[in-house]
Amino acid sequence: MKIIEGKVIVTCPGRNFVTLKIITDEGVYGIGDATLNGRELSVVSYLEDHVIPCLIGRDPQQIEDIWQYLYRGAYWRRGPVTMSAIAAVDMALWDIKAKLAKMPLYQLLGGRCREGVMVYGHANGTTIDDTLGELDRYMSMGYKAIRLQTGVPGLKSTYGVSGDKMYYEPADGDLPTENVWSTEKYLDSVPKLFERAREKVGFGPHLLHDVHHRLTPIEAARLGKSLEPYRLFWLEDATVADNPESFRLIRQHTTTPLAVGEVFNSIHDCRTLIQEQLIDYIRCTLVHTGGITHLRRIASLADLYQVRTGCHGATDLSPVSMGAALNFDISIPNFGVQEYMRHTKETDEVFPHNYTFKNGYLMPGETPGHGVDIDEKLAAKYPYKRAFLPVNRLEDGSMTNW
Ligand code: KDG
Ligand code: MG
């Protein structure tokens, strides 16, 4: 069996997605997600110019060998562009293998470890009352885990608070939008949100919060400590993890569980965090971390240290990533939770898929492969539109992390 073609499809049904389709001489094809928000065309070029030519003629069943070929063979290791391109190939090859085996992908990965994949949704609003109204709405939809983000008094906008409540898309500008940030204002507002939320709904639902890399380690420690009475499921990206040792300080001060890793692309980014048990959840995702072949290694390492997974699943990860992630999540022992930000109707139509939501759980479907396809004709109706993620400045004008 041979790979005869690799096609990169760029489409923008409301936001940009990059999809790789690998076609074999036997007519079986596989689909992989290659979307890197705000830097989409770099991955397109990496795939078209440097990866696809090397795939033609190879046996698509040799997934591990192809992974090693692309990783070691490039000489230049890691990085989000490289690892997203490798991930797309890997996802597509696992899709092909599962189709050949006539099995849903999770069966090939070892079968089910659980009945469904618990997901968390995003309740957000400009005020605490607004956010609590959204919390109600998510609970009535059946969600068992809900992330809460609210506007910060005195700041015009902040991460995670959306104009359209259901579909959050931060990449909103033809050039990067500039946000203004104040840690002092933020640190005052978050505990109030969780105090009110627990008063309202008790300790039934899991509540989560994303700091989005904005605090220093000691500020993050203070926030974690102040949130302890509200028993969060996790506090995400409390500080940047470029220096993993920073998490030692946060850990010394708080028992609030910590999650990190949506911007990681390699097992080496999370090795120290996992081995020193500095985190509780690893957020790496298939599309940005080298696909199933690499994420399996990360999850296995994490399992040794009682760290669970919580894969990134924002809307910039296409339904292809979601379908593949659900097959992965349901088959590994140390799954924790899966992020699930719903896609728009237009996106769902471009990517027909077989996963379903019920009572706070997503279920992968039973058709062979990872269960997600692309309607190329429809995709062609939505041409690429340049869109950047925002940048962030402190009130004095200096750059900070978005
Ligand atoms: O592309 C960036 C988004 O995926 C990110 O900002 C969303 O932090 C995020 C999350 O936890 O979903
Ligand atoms: Mg996040």
# chains A, B, ... in the order shown; residues from 1 in each chain; ligands from 1

$ residues_around --residues "Pro104 of chain A" --least-positions-apart "3" --cutoff "12 Å" --atoms "only C-alpha atoms" --output "number ranges by chain"
A: 94-101, 107-112, 323-324, 326-328, 330-331, 354-355, 363-372

$ residues_near_ligand --ligand "ligand 1" --cutoff "7 Å" --atoms "only C-alpha atoms and all ligand atoms" --output "VMD selection string"
chain A and resid 37 170 210 212 312 to 316 389

$ residues_near_ligand --ligand "ligand 2" --cutoff "9 Å" --atoms "only C-alpha atoms and all ligand atoms" --output "VMD selection string"
chain A and resid 160 209 to 213 236 to 237 260 to 263 283 312 314

$ write_last_selection --atoms "C-alpha atoms" --output "PDB file, in the first residue's frame"
ATOM      1  CA  GLY A 160     -12.035  34.343  27.742  1.00  0.00           C
ATOM      2  CA  HIS A 209     -10.479  28.805  35.508  1.00  0.00           C
ATOM      3  CA  ASP A 210      -7.847  29.847  32.931  1.00  0.00           C
ATOM      4  CA  VAL A 211      -5.283  32.496  33.961  1.00  0.00           C
ATOM      5  CA  HIS A 212      -3.831  32.439  30.438  1.00  0.00           C
ATOM      6  CA  HIS A 213      -0.181  32.820  31.513  1.00  0.00           C
ATOM      7  CA  GLU A 236      -4.950  26.656  34.180  1.00  0.00           C
ATOM      8  CA  ASP A 237      -1.770  28.291  32.872  1.00  0.00           C
ATOM      9  CA  VAL A 260      -0.714  23.534  31.959  1.00  0.00           C
ATOM     10  CA  GLY A 261       0.473  22.727  28.452  1.00  0.00           C
ATOM     11  CA  GLU A 262      -1.818  23.942  25.666  1.00  0.00           C
ATOM     12  CA  VAL A 263       1.123  25.730  24.018  1.00  0.00           C
ATOM     13  CA  ARG A 283      -3.115  20.101  28.550  1.00  0.00           C
ATOM     14  CA  HIS A 312      -6.904  21.606  24.824  1.00  0.00           C
ATOM     15  CA  ALA A 314     -10.753  25.429  21.884  1.00  0.00           C
TER      16      ALA A 314
END

$ atom_distance --atom1 "atom CA of Gly38 of chain A" --atom2 "atom CA of Arg15 of chain A"
10.1 Å

$ select_by_dssp --residues "segment 136-303 of chain A" --states "strand (DSSP E or B)" --output "list in words"
Ala145, Ile146, Arg147, Leu148, Gln149, Thr150, Gly173, Glu178, Asn179, Val180, Trp181, His206, Leu207, Leu208, His209, Asp210, Trp234, Leu235, Glu236, Leu258, Ala259, Val260, Tyr281 and Ile282 of chain A

$ write_last_selection --atoms "N, CA, C and O atoms" --output "mmCIF file, in the first residue's frame"
data_model
loop_
_atom_site.group_PDB
_atom_site.id
_atom_site.type_symbol
_atom_site.label_atom_id
_atom_site.label_comp_id
_atom_site.auth_asym_id
_atom_site.auth_seq_id
_atom_site.Cartn_x
_atom_site.Cartn_y
_atom_site.Cartn_z
ATOM 1 N N ALA A 145 -18.747 19.862 34.128
ATOM 2 C CA ALA A 145 -17.540 20.668 34.379
ATOM 3 C C ALA A 145 -17.634 21.943 33.556
ATOM 4 O O ALA A 145 -17.942 21.880 32.357
ATOM 5 N N ILE A 146 -17.393 23.080 34.209
ATOM 6 C CA ILE A 146 -17.611 24.363 33.532
ATOM 7 C C ILE A 146 -16.496 25.324 33.902
ATOM 8 O O ILE A 146 -16.170 25.501 35.081
ATOM 9 N N ARG A 147 -15.930 25.943 32.881
ATOM 10 C CA ARG A 147 -14.889 26.953 33.101
ATOM 11 C C ARG A 147 -15.565 28.305 33.250
ATOM 12 O O ARG A 147 -16.441 28.651 32.448
ATOM 13 N N LEU A 148 -15.149 29.068 34.263
ATOM 14 C CA LEU A 148 -15.732 30.398 34.481
ATOM 15 C C LEU A 148 -14.692 31.478 34.216
ATOM 16 O O LEU A 148 -13.602 31.447 34.785
ATOM 17 N N GLN A 149 -15.040 32.422 33.352
ATOM 18 C CA GLN A 149 -14.196 33.598 33.102
ATOM 19 C C GLN A 149 -15.120 34.809 33.154
ATOM 20 O O GLN A 149 -16.242 34.750 32.624
ATOM 21 N N THR A 150 -14.665 35.886 33.761
ATOM 22 C CA THR A 150 -15.524 37.063 33.820
ATOM 23 C C THR A 150 -14.712 38.328 33.539
ATOM 24 O O THR A 150 -13.483 38.329 33.679
ATOM 25 N N GLY A 173 -8.513 39.892 14.630
ATOM 26 C CA GLY A 173 -8.069 41.082 13.894
ATOM 27 C C GLY A 173 -7.201 40.754 12.696
ATOM 28 O O GLY A 173 -6.398 39.809 12.721
ATOM 29 N N GLU A 178 -4.970 45.110 20.401
ATOM 30 C CA GLU A 178 -4.168 45.373 21.613
ATOM 31 C C GLU A 178 -5.077 45.416 22.837
ATOM 32 O O GLU A 178 -5.988 46.240 22.902
ATOM 33 N N ASN A 179 -4.839 44.535 23.796
ATOM 34 C CA ASN A 179 -5.590 44.530 25.054
ATOM 35 C C ASN A 179 -4.750 45.181 26.150
ATOM 36 O O ASN A 179 -3.530 45.248 26.043
ATOM 37 N N VAL A 180 -5.441 45.637 27.212
ATOM 38 C CA VAL A 180 -4.718 46.220 28.362
ATOM 39 C C VAL A 180 -4.968 45.336 29.585
ATOM 40 O O VAL A 180 -6.089 44.868 29.800
ATOM 41 N N TRP A 181 -3.921 45.145 30.370
ATOM 42 C CA TRP A 181 -3.985 44.184 31.474
ATOM 43 C C TRP A 181 -3.523 44.797 32.791
ATOM 44 O O TRP A 181 -2.551 45.561 32.820
ATOM 45 N N HIS A 206 -18.015 20.645 38.659
ATOM 46 C CA HIS A 206 -16.588 20.989 38.664
ATOM 47 C C HIS A 206 -16.444 22.394 38.065
ATOM 48 O O HIS A 206 -17.002 22.661 37.001
ATOM 49 N N LEU A 207 -15.682 23.245 38.722
ATOM 50 C CA LEU A 207 -15.437 24.588 38.183
ATOM 51 C C LEU A 207 -13.951 24.745 37.864
ATOM 52 O O LEU A 207 -13.091 24.292 38.626
ATOM 53 N N LEU A 208 -13.685 25.409 36.734
ATOM 54 C CA LEU A 208 -12.308 25.580 36.264
ATOM 55 C C LEU A 208 -12.070 27.057 35.958
ATOM 56 O O LEU A 208 -13.033 27.820 35.753
ATOM 57 N N HIS A 209 -10.800 27.432 35.882
ATOM 58 C CA HIS A 209 -10.479 28.805 35.508
ATOM 59 C C HIS A 209 -9.143 28.836 34.759
ATOM 60 O O HIS A 209 -8.228 28.087 35.077
ATOM 61 N N ASP A 210 -9.066 29.713 33.744
ATOM 62 C CA ASP A 210 -7.847 29.847 32.931
ATOM 63 C C ASP A 210 -7.220 31.217 33.180
ATOM 64 O O ASP A 210 -7.832 32.253 32.888
ATOM 65 N N TRP A 234 -9.482 22.766 38.348
ATOM 66 C CA TRP A 234 -8.107 23.191 38.055
ATOM 67 C C TRP A 234 -7.999 24.679 37.847
ATOM 68 O O TRP A 234 -8.992 25.365 37.544
ATOM 69 N N LEU A 235 -6.773 25.158 38.023
ATOM 70 C CA LEU A 235 -6.379 26.514 37.684
ATOM 71 C C LEU A 235 -5.377 26.349 36.541
ATOM 72 O O LEU A 235 -4.354 25.683 36.690
ATOM 73 N N GLU A 236 -5.722 26.942 35.394
ATOM 74 C CA GLU A 236 -4.950 26.656 34.180
ATOM 75 C C GLU A 236 -3.951 27.760 33.862
ATOM 76 O O GLU A 236 -4.250 28.951 34.045
ATOM 77 N N LEU A 258 -3.386 22.211 39.460
ATOM 78 C CA LEU A 258 -2.822 23.032 38.387
ATOM 79 C C LEU A 258 -2.825 22.275 37.055
ATOM 80 O O LEU A 258 -2.527 21.077 37.007
ATOM 81 N N ALA A 259 -3.170 23.020 35.999
ATOM 82 C CA ALA A 259 -3.156 22.458 34.640
ATOM 83 C C ALA A 259 -2.299 23.353 33.766
ATOM 84 O O ALA A 259 -2.304 24.575 33.913
ATOM 85 N N VAL A 260 -1.574 22.744 32.838
ATOM 86 C CA VAL A 260 -0.714 23.534 31.959
ATOM 87 C C VAL A 260 -0.427 22.746 30.682
ATOM 88 O O VAL A 260 -0.567 21.525 30.665
ATOM 89 N N TYR A 281 -2.715 18.237 35.803
ATOM 90 C CA TYR A 281 -3.307 17.956 34.488
ATOM 91 C C TYR A 281 -2.370 18.474 33.408
ATOM 92 O O TYR A 281 -1.878 19.599 33.497
ATOM 93 N N ILE A 282 -2.190 17.636 32.382
ATOM 94 C CA ILE A 282 -1.365 18.062 31.253
ATOM 95 C C ILE A 282 -2.292 18.347 30.064
ATOM 96 O O ILE A 282 -3.103 17.520 29.686
#

$ closest_residue --among "A:Val28, A:Leu132, A:Leu394, A:Ile23" --to "Glu199 of chain A" --atoms "only C-alpha atoms"
A:Leu132

$ closest_residue --among "A:Arg231, A:Lys225, A:Arg78, A:Lys377" --to "Phe194 of chain A" --atoms "only C-alpha atoms"
A:Arg231

$ select_by_dssp --residues "segment 1-153 of chain A" --states "alpha helix (DSSP H)" --output "JSON, numbers by chain"
{"A": [40, 41, 42, 43, 44, 45, 52, 53, 54, 55, 63, 64, 65, 66, 67, 68, 69, 70, 71, 72, 73, 80, 81, 82, 83, 84, 85, 86, 87, 88, 89, 90, 91, 92, 93, 94, 95, 96, 97, 98, 99, 100, 105, 106, 107, 108, 128, 129, 130, 131, 132, 133, 134, 135, 136, 137, 138, 139, 140]}

$ closest_residue --among "A:Gly30, A:Pro383, A:Gly57, A:Pro229" --to "Thr11 of chain A" --atoms "only C-alpha atoms"
A:Pro383

$ residues_around --residues "Val81 of chain A" --least-positions-apart "4" --cutoff "7 Å" --atoms "only C-alpha atoms" --output "ChimeraX atom specification"
/A:42-43,85

$ residues_around --residues "Lys185 of chain A" --least-positions-apart "5" --cutoff "9 Å" --atoms "only C-alpha atoms" --output "list in words"
Val152, Pro153, Gly154 and Leu155 of chain A

$ write_last_selection --atoms "all heavy atoms" --output "PDB file, in the first residue's frame"
ATOM      1  N   VAL A 152     -13.070  41.954  34.055  1.00  0.00           N
ATOM      2  CA  VAL A 152     -12.396  42.518  35.233  1.00  0.00           C
ATOM      3  C   VAL A 152     -12.777  43.995  35.322  1.00  0.00           C
ATOM      4  O   VAL A 152     -12.517  44.743  34.371  1.00  0.00           O
ATOM      5  CB  VAL A 152     -10.859  42.366  35.086  1.00  0.00           C
ATOM      6  CG1 VAL A 152     -10.141  42.977  36.275  1.00  0.00           C
ATOM      7  CG2 VAL A 152     -10.479  40.904  34.917  1.00  0.00           C
ATOM      8  N   PRO A 153     -13.415  44.423  36.436  1.00  0.00           N
ATOM      9  CA  PRO A 153     -13.792  45.837  36.544  1.00  0.00           C
ATOM     10  C   PRO A 153     -12.569  46.747  36.320  1.00  0.00           C
ATOM     11  O   PRO A 153     -11.505  46.497  36.884  1.00  0.00           O
ATOM     12  CB  PRO A 153     -14.312  45.954  37.988  1.00  0.00           C
ATOM     13  CG  PRO A 153     -14.722  44.570  38.358  1.00  0.00           C
ATOM     14  CD  PRO A 153     -13.810  43.631  37.609  1.00  0.00           C
ATOM     15  N   GLY A 154     -12.745  47.733  35.444  1.00  0.00           N
ATOM     16  CA  GLY A 154     -11.639  48.649  35.158  1.00  0.00           C
ATOM     17  C   GLY A 154     -10.841  48.275  33.916  1.00  0.00           C
ATOM     18  O   GLY A 154     -10.023  49.047  33.442  1.00  0.00           O
ATOM     19  N   LEU A 155     -11.064  47.059  33.376  1.00  0.00           N
ATOM     20  CA  LEU A 155     -10.377  46.664  32.127  1.00  0.00           C
ATOM     21  C   LEU A 155     -11.421  46.511  31.018  1.00  0.00           C
ATOM     22  O   LEU A 155     -12.486  45.919  31.237  1.00  0.00           O
ATOM     23  CB  LEU A 155      -9.635  45.335  32.298  1.00  0.00           C
ATOM     24  CG  LEU A 155      -8.480  45.293  33.287  1.00  0.00           C
ATOM     25  CD1 LEU A 155      -7.801  43.928  33.259  1.00  0.00           C
ATOM     26  CD2 LEU A 155      -7.453  46.390  33.008  1.00  0.00           C
TER      27      LEU A 155
END

$ atom_distance --atom1 "atom CA of Thr126 of chain A" --atom2 "atom CA of Leu175 of chain A"
24.1 Å

$ closest_residue --among "A:Tyr46, A:Gly14, A:Glu346, A:Ser84" --to "Tyr168 of chain A" --atoms "only C-alpha atoms"
A:Gly14

$ residues_around --residues "Lys7 of chain A" --least-positions-apart "3" --cutoff "10 Å" --atoms "only C-alpha atoms" --output "number ranges by chain"
A: 10, 19-23, 31, 44, 47-48, 52

$ write_last_selection --atoms "N, CA and C atoms" --output "short mmCIF file (atom, residue, chain, number, x, y, z; two decimals), in the first residue's frame"
data_model
loop_
_atom_site.label_atom_id
_atom_site.label_comp_id
_atom_site.auth_asym_id
_atom_site.auth_seq_id
_atom_site.Cartn_x
_atom_site.Cartn_y
_atom_site.Cartn_z
N VAL A 10 -7.34 24.61 3.05
CA VAL A 10 -7.49 25.74 3.97
C VAL A 10 -8.89 26.28 3.81
N THR A 19 -6.36 21.59 6.98
CA THR A 19 -6.63 20.15 7.06
C THR A 19 -5.77 19.42 6.04
N LEU A 20 -5.21 18.30 6.46
CA LEU A 20 -4.41 17.48 5.55
C LEU A 20 -5.20 16.21 5.21
N LYS A 21 -5.26 15.94 3.91
CA LYS A 21 -5.91 14.69 3.47
C LYS A 21 -4.83 13.83 2.82
N ILE A 22 -4.62 12.63 3.33
CA ILE A 22 -3.63 11.72 2.75
C ILE A 22 -4.38 10.62 2.01
N ILE A 23 -4.05 10.47 0.72
CA ILE A 23 -4.78 9.53 -0.13
C ILE A 23 -3.86 8.38 -0.52
N ILE A 31 -7.64 11.82 7.35
CA ILE A 31 -7.74 13.28 7.54
C ILE A 31 -6.99 13.67 8.82
N VAL A 44 0.91 25.31 6.41
CA VAL A 44 0.58 24.92 5.03
C VAL A 44 1.87 24.77 4.23
N LEU A 47 3.98 21.76 5.27
CA LEU A 47 3.44 20.50 4.73
C LEU A 47 3.67 20.40 3.23
N GLU A 48 3.30 21.45 2.52
CA GLU A 48 3.37 21.35 1.05
C GLU A 48 4.80 21.31 0.53
N ILE A 52 4.94 16.71 2.39
CA ILE A 52 4.20 15.86 1.44
C ILE A 52 5.12 15.22 0.39
#

$ residues_around --residues "Asp25 of chain A" --least-positions-apart "3" --cutoff "7 Å" --atoms "only C-alpha atoms" --output "PyMOL selection string"
chain A and resi 1-4

$ write_last_selection --atoms "all heavy atoms" --output "compact mmCIF listing (two decimals), in the first residue's frame"
# COMPACT_ATOMS: atom_id res chain seq x y z
N MET A 1 0.84 -1.20 0.00
CA MET A 1 0.00 0.00 0.00
C MET A 1 0.88 1.25 0.00
O MET A 1 1.89 1.30 0.71
CB MET A 1 -0.87 -0.03 1.25
CG MET A 1 -1.88 1.07 1.27
SD MET A 1 -2.99 0.82 2.66
CE MET A 1 -4.41 1.62 2.04
N LYS A 2 0.47 2.25 -0.78
CA LYS A 2 1.31 3.45 -0.92
C LYS A 2 0.51 4.75 -0.79
O LYS A 2 -0.65 4.80 -1.19
CB LYS A 2 1.94 3.46 -2.32
CG LYS A 2 3.10 2.51 -2.50
CD LYS A 2 3.72 2.76 -3.88
CE LYS A 2 5.02 2.01 -4.08
NZ LYS A 2 4.97 0.57 -3.80
N ILE A 3 1.17 5.75 -0.28
CA ILE A 3 0.58 7.10 -0.29
C ILE A 3 0.79 7.66 -1.70
O ILE A 3 1.92 7.66 -2.21
CB ILE A 3 1.26 8.01 0.75
CG1 ILE A 3 1.00 7.47 2.17
CG2 ILE A 3 0.77 9.46 0.63
CD1 ILE A 3 1.79 8.17 3.27
N ILE A 4 -0.30 8.14 -2.31
CA ILE A 4 -0.13 8.71 -3.66
C ILE A 4 -0.35 10.23 -3.68
O ILE A 4 0.03 10.89 -4.63
CB ILE A 4 -1.04 8.04 -4.71
CG1 ILE A 4 -2.51 8.09 -4.27
CG2 ILE A 4 -0.60 6.61 -4.99
CD1 ILE A 4 -3.48 7.80 -5.41

$ closest_residue --among "A:Arg251, A:Val190, A:Val240, A:Gly121" --to "Leu223 of chain A" --atoms "only C-alpha atoms"
A:Val190

$ residues_around --residues "segment 68-76 of chain A" --least-positions-apart "4" --cutoff "8 Å" --atoms "only C-alpha atoms" --output "compact mmCIF listing (two decimals) with C-alpha atoms, in the first residue's frame"
# COMPACT_ATOMS: atom_id res chain seq x y z
CA VAL A 51 6.56 17.05 4.17
CA GLU A 64 5.88 5.12 13.85
CA ILE A 86 3.77 16.06 11.95

$ closest_residue --among "A:Ser246, A:Thr127, A:Thr289, A:Thr254" --to "Leu273 of chain A" --atoms "only C-alpha atoms"
A:Ser246

$ decode --residues "segment 134-155 of chain A" --atoms "N, CA, C and O atoms" --output "mmCIF file, in the first residue's frame"
data_model
loop_
_atom_site.group_PDB
_atom_site.id
_atom_site.type_symbol
_atom_site.label_atom_id
_atom_site.label_comp_id
_atom_site.auth_asym_id
_atom_site.auth_seq_id
_atom_site.Cartn_x
_atom_site.Cartn_y
_atom_site.Cartn_z
ATOM 1 N N GLU A 134 -24.721 32.340 32.739
ATOM 2 C CA GLU A 134 -24.171 31.376 31.779
ATOM 3 C C GLU A 134 -23.885 30.030 32.439
ATOM 4 O O GLU A 134 -24.069 28.967 31.835
ATOM 5 N N LEU A 135 -23.421 30.097 33.702
ATOM 6 C CA LEU A 135 -23.163 28.859 34.457
ATOM 7 C C LEU A 135 -24.457 28.038 34.540
ATOM 8 O O LEU A 135 -24.462 26.828 34.282
ATOM 9 N N ASP A 136 -25.553 28.724 34.842
ATOM 10 C CA ASP A 136 -26.876 28.071 34.870
ATOM 11 C C ASP A 136 -27.176 27.384 33.547
ATOM 12 O O ASP A 136 -27.636 26.250 33.505
ATOM 13 N N ARG A 137 -26.906 28.134 32.474
ATOM 14 C CA ARG A 137 -27.238 27.634 31.143
ATOM 15 C C ARG A 137 -26.430 26.356 30.844
ATOM 16 O O ARG A 137 -26.963 25.374 30.334
ATOM 17 N N TYR A 138 -25.130 26.397 31.177
ATOM 18 C CA TYR A 138 -24.297 25.211 30.917
ATOM 19 C C TYR A 138 -24.757 24.031 31.764
ATOM 20 O O TYR A 138 -24.771 22.892 31.308
ATOM 21 N N MET A 139 -25.152 24.310 33.004
ATOM 22 C CA MET A 139 -25.617 23.210 33.852
ATOM 23 C C MET A 139 -26.914 22.625 33.286
ATOM 24 O O MET A 139 -27.105 21.410 33.284
ATOM 25 N N SER A 140 -27.770 23.504 32.749
ATOM 26 C CA SER A 140 -29.028 22.962 32.219
ATOM 27 C C SER A 140 -28.784 22.191 30.916
ATOM 28 O O SER A 140 -29.590 21.334 30.541
ATOM 29 N N MET A 141 -27.658 22.458 30.240
ATOM 30 C CA MET A 141 -27.327 21.644 29.052
ATOM 31 C C MET A 141 -26.726 20.295 29.472
ATOM 32 O O MET A 141 -26.458 19.453 28.626
ATOM 33 N N GLY A 142 -26.450 20.138 30.743
ATOM 34 C CA GLY A 142 -25.961 18.839 31.229
ATOM 35 C C GLY A 142 -24.487 18.801 31.586
ATOM 36 O O GLY A 142 -23.972 17.773 32.033
ATOM 37 N N TYR A 143 -23.767 19.922 31.378
ATOM 38 C CA TYR A 143 -22.321 19.921 31.654
ATOM 39 C C TYR A 143 -22.035 19.617 33.128
ATOM 40 O O TYR A 143 -22.681 20.171 34.018
ATOM 41 N N LYS A 144 -21.031 18.766 33.347
ATOM 42 C CA LYS A 144 -20.606 18.430 34.712
ATOM 43 C C LYS A 144 -19.403 19.274 35.119
ATOM 44 O O LYS A 144 -19.027 19.326 36.290
ATOM 45 N N ALA A 145 -18.747 19.862 34.128
ATOM 46 C CA ALA A 145 -17.540 20.668 34.379
ATOM 47 C C ALA A 145 -17.634 21.943 33.556
ATOM 48 O O ALA A 145 -17.942 21.880 32.357
ATOM 49 N N ILE A 146 -17.393 23.080 34.209
ATOM 50 C CA ILE A 146 -17.611 24.363 33.532
ATOM 51 C C ILE A 146 -16.496 25.324 33.902
ATOM 52 O O ILE A 146 -16.170 25.501 35.081
ATOM 53 N N ARG A 147 -15.930 25.943 32.881
ATOM 54 C CA ARG A 147 -14.889 26.953 33.101
ATOM 55 C C ARG A 147 -15.565 28.305 33.250
ATOM 56 O O ARG A 147 -16.441 28.651 32.448
ATOM 57 N N LEU A 148 -15.149 29.068 34.263
ATOM 58 C CA LEU A 148 -15.732 30.398 34.481
ATOM 59 C C LEU A 148 -14.692 31.478 34.216
ATOM 60 O O LEU A 148 -13.602 31.447 34.785
ATOM 61 N N GLN A 149 -15.040 32.422 33.352
ATOM 62 C CA GLN A 149 -14.196 33.598 33.102
ATOM 63 C C GLN A 149 -15.120 34.809 33.154
ATOM 64 O O GLN A 149 -16.242 34.750 32.624
ATOM 65 N N THR A 150 -14.665 35.886 33.761
ATOM 66 C CA THR A 150 -15.524 37.063 33.820
ATOM 67 C C THR A 150 -14.712 38.328 33.539
ATOM 68 O O THR A 150 -13.483 38.329 33.679
ATOM 69 N N GLY A 151 -15.418 39.388 33.136
ATOM 70 C CA GLY A 151 -14.753 40.660 32.896
ATOM 71 C C GLY A 151 -14.135 41.179 34.192
ATOM 72 O O GLY A 151 -14.602 40.862 35.285
ATOM 73 N N VAL A 152 -13.070 41.954 34.055
ATOM 74 C CA VAL A 152 -12.396 42.518 35.233
ATOM 75 C C VAL A 152 -12.777 43.995 35.322
ATOM 76 O O VAL A 152 -12.517 44.743 34.371
ATOM 77 N N PRO A 153 -13.415 44.423 36.436
ATOM 78 C CA PRO A 153 -13.792 45.837 36.544
ATOM 79 C C PRO A 153 -12.569 46.747 36.320
ATOM 80 O O PRO A 153 -11.505 46.497 36.884
ATOM 81 N N GLY A 154 -12.745 47.733 35.444
ATOM 82 C CA GLY A 154 -11.639 48.649 35.158
ATOM 83 C C GLY A 154 -10.841 48.275 33.916
ATOM 84 O O GLY A 154 -10.023 49.047 33.442
ATOM 85 N N LEU A 155 -11.064 47.059 33.376
ATOM 86 C CA LEU A 155 -10.377 46.664 32.127
ATOM 87 C C LEU A 155 -11.421 46.511 31.018
ATOM 88 O O LEU A 155 -12.486 45.919 31.237
#
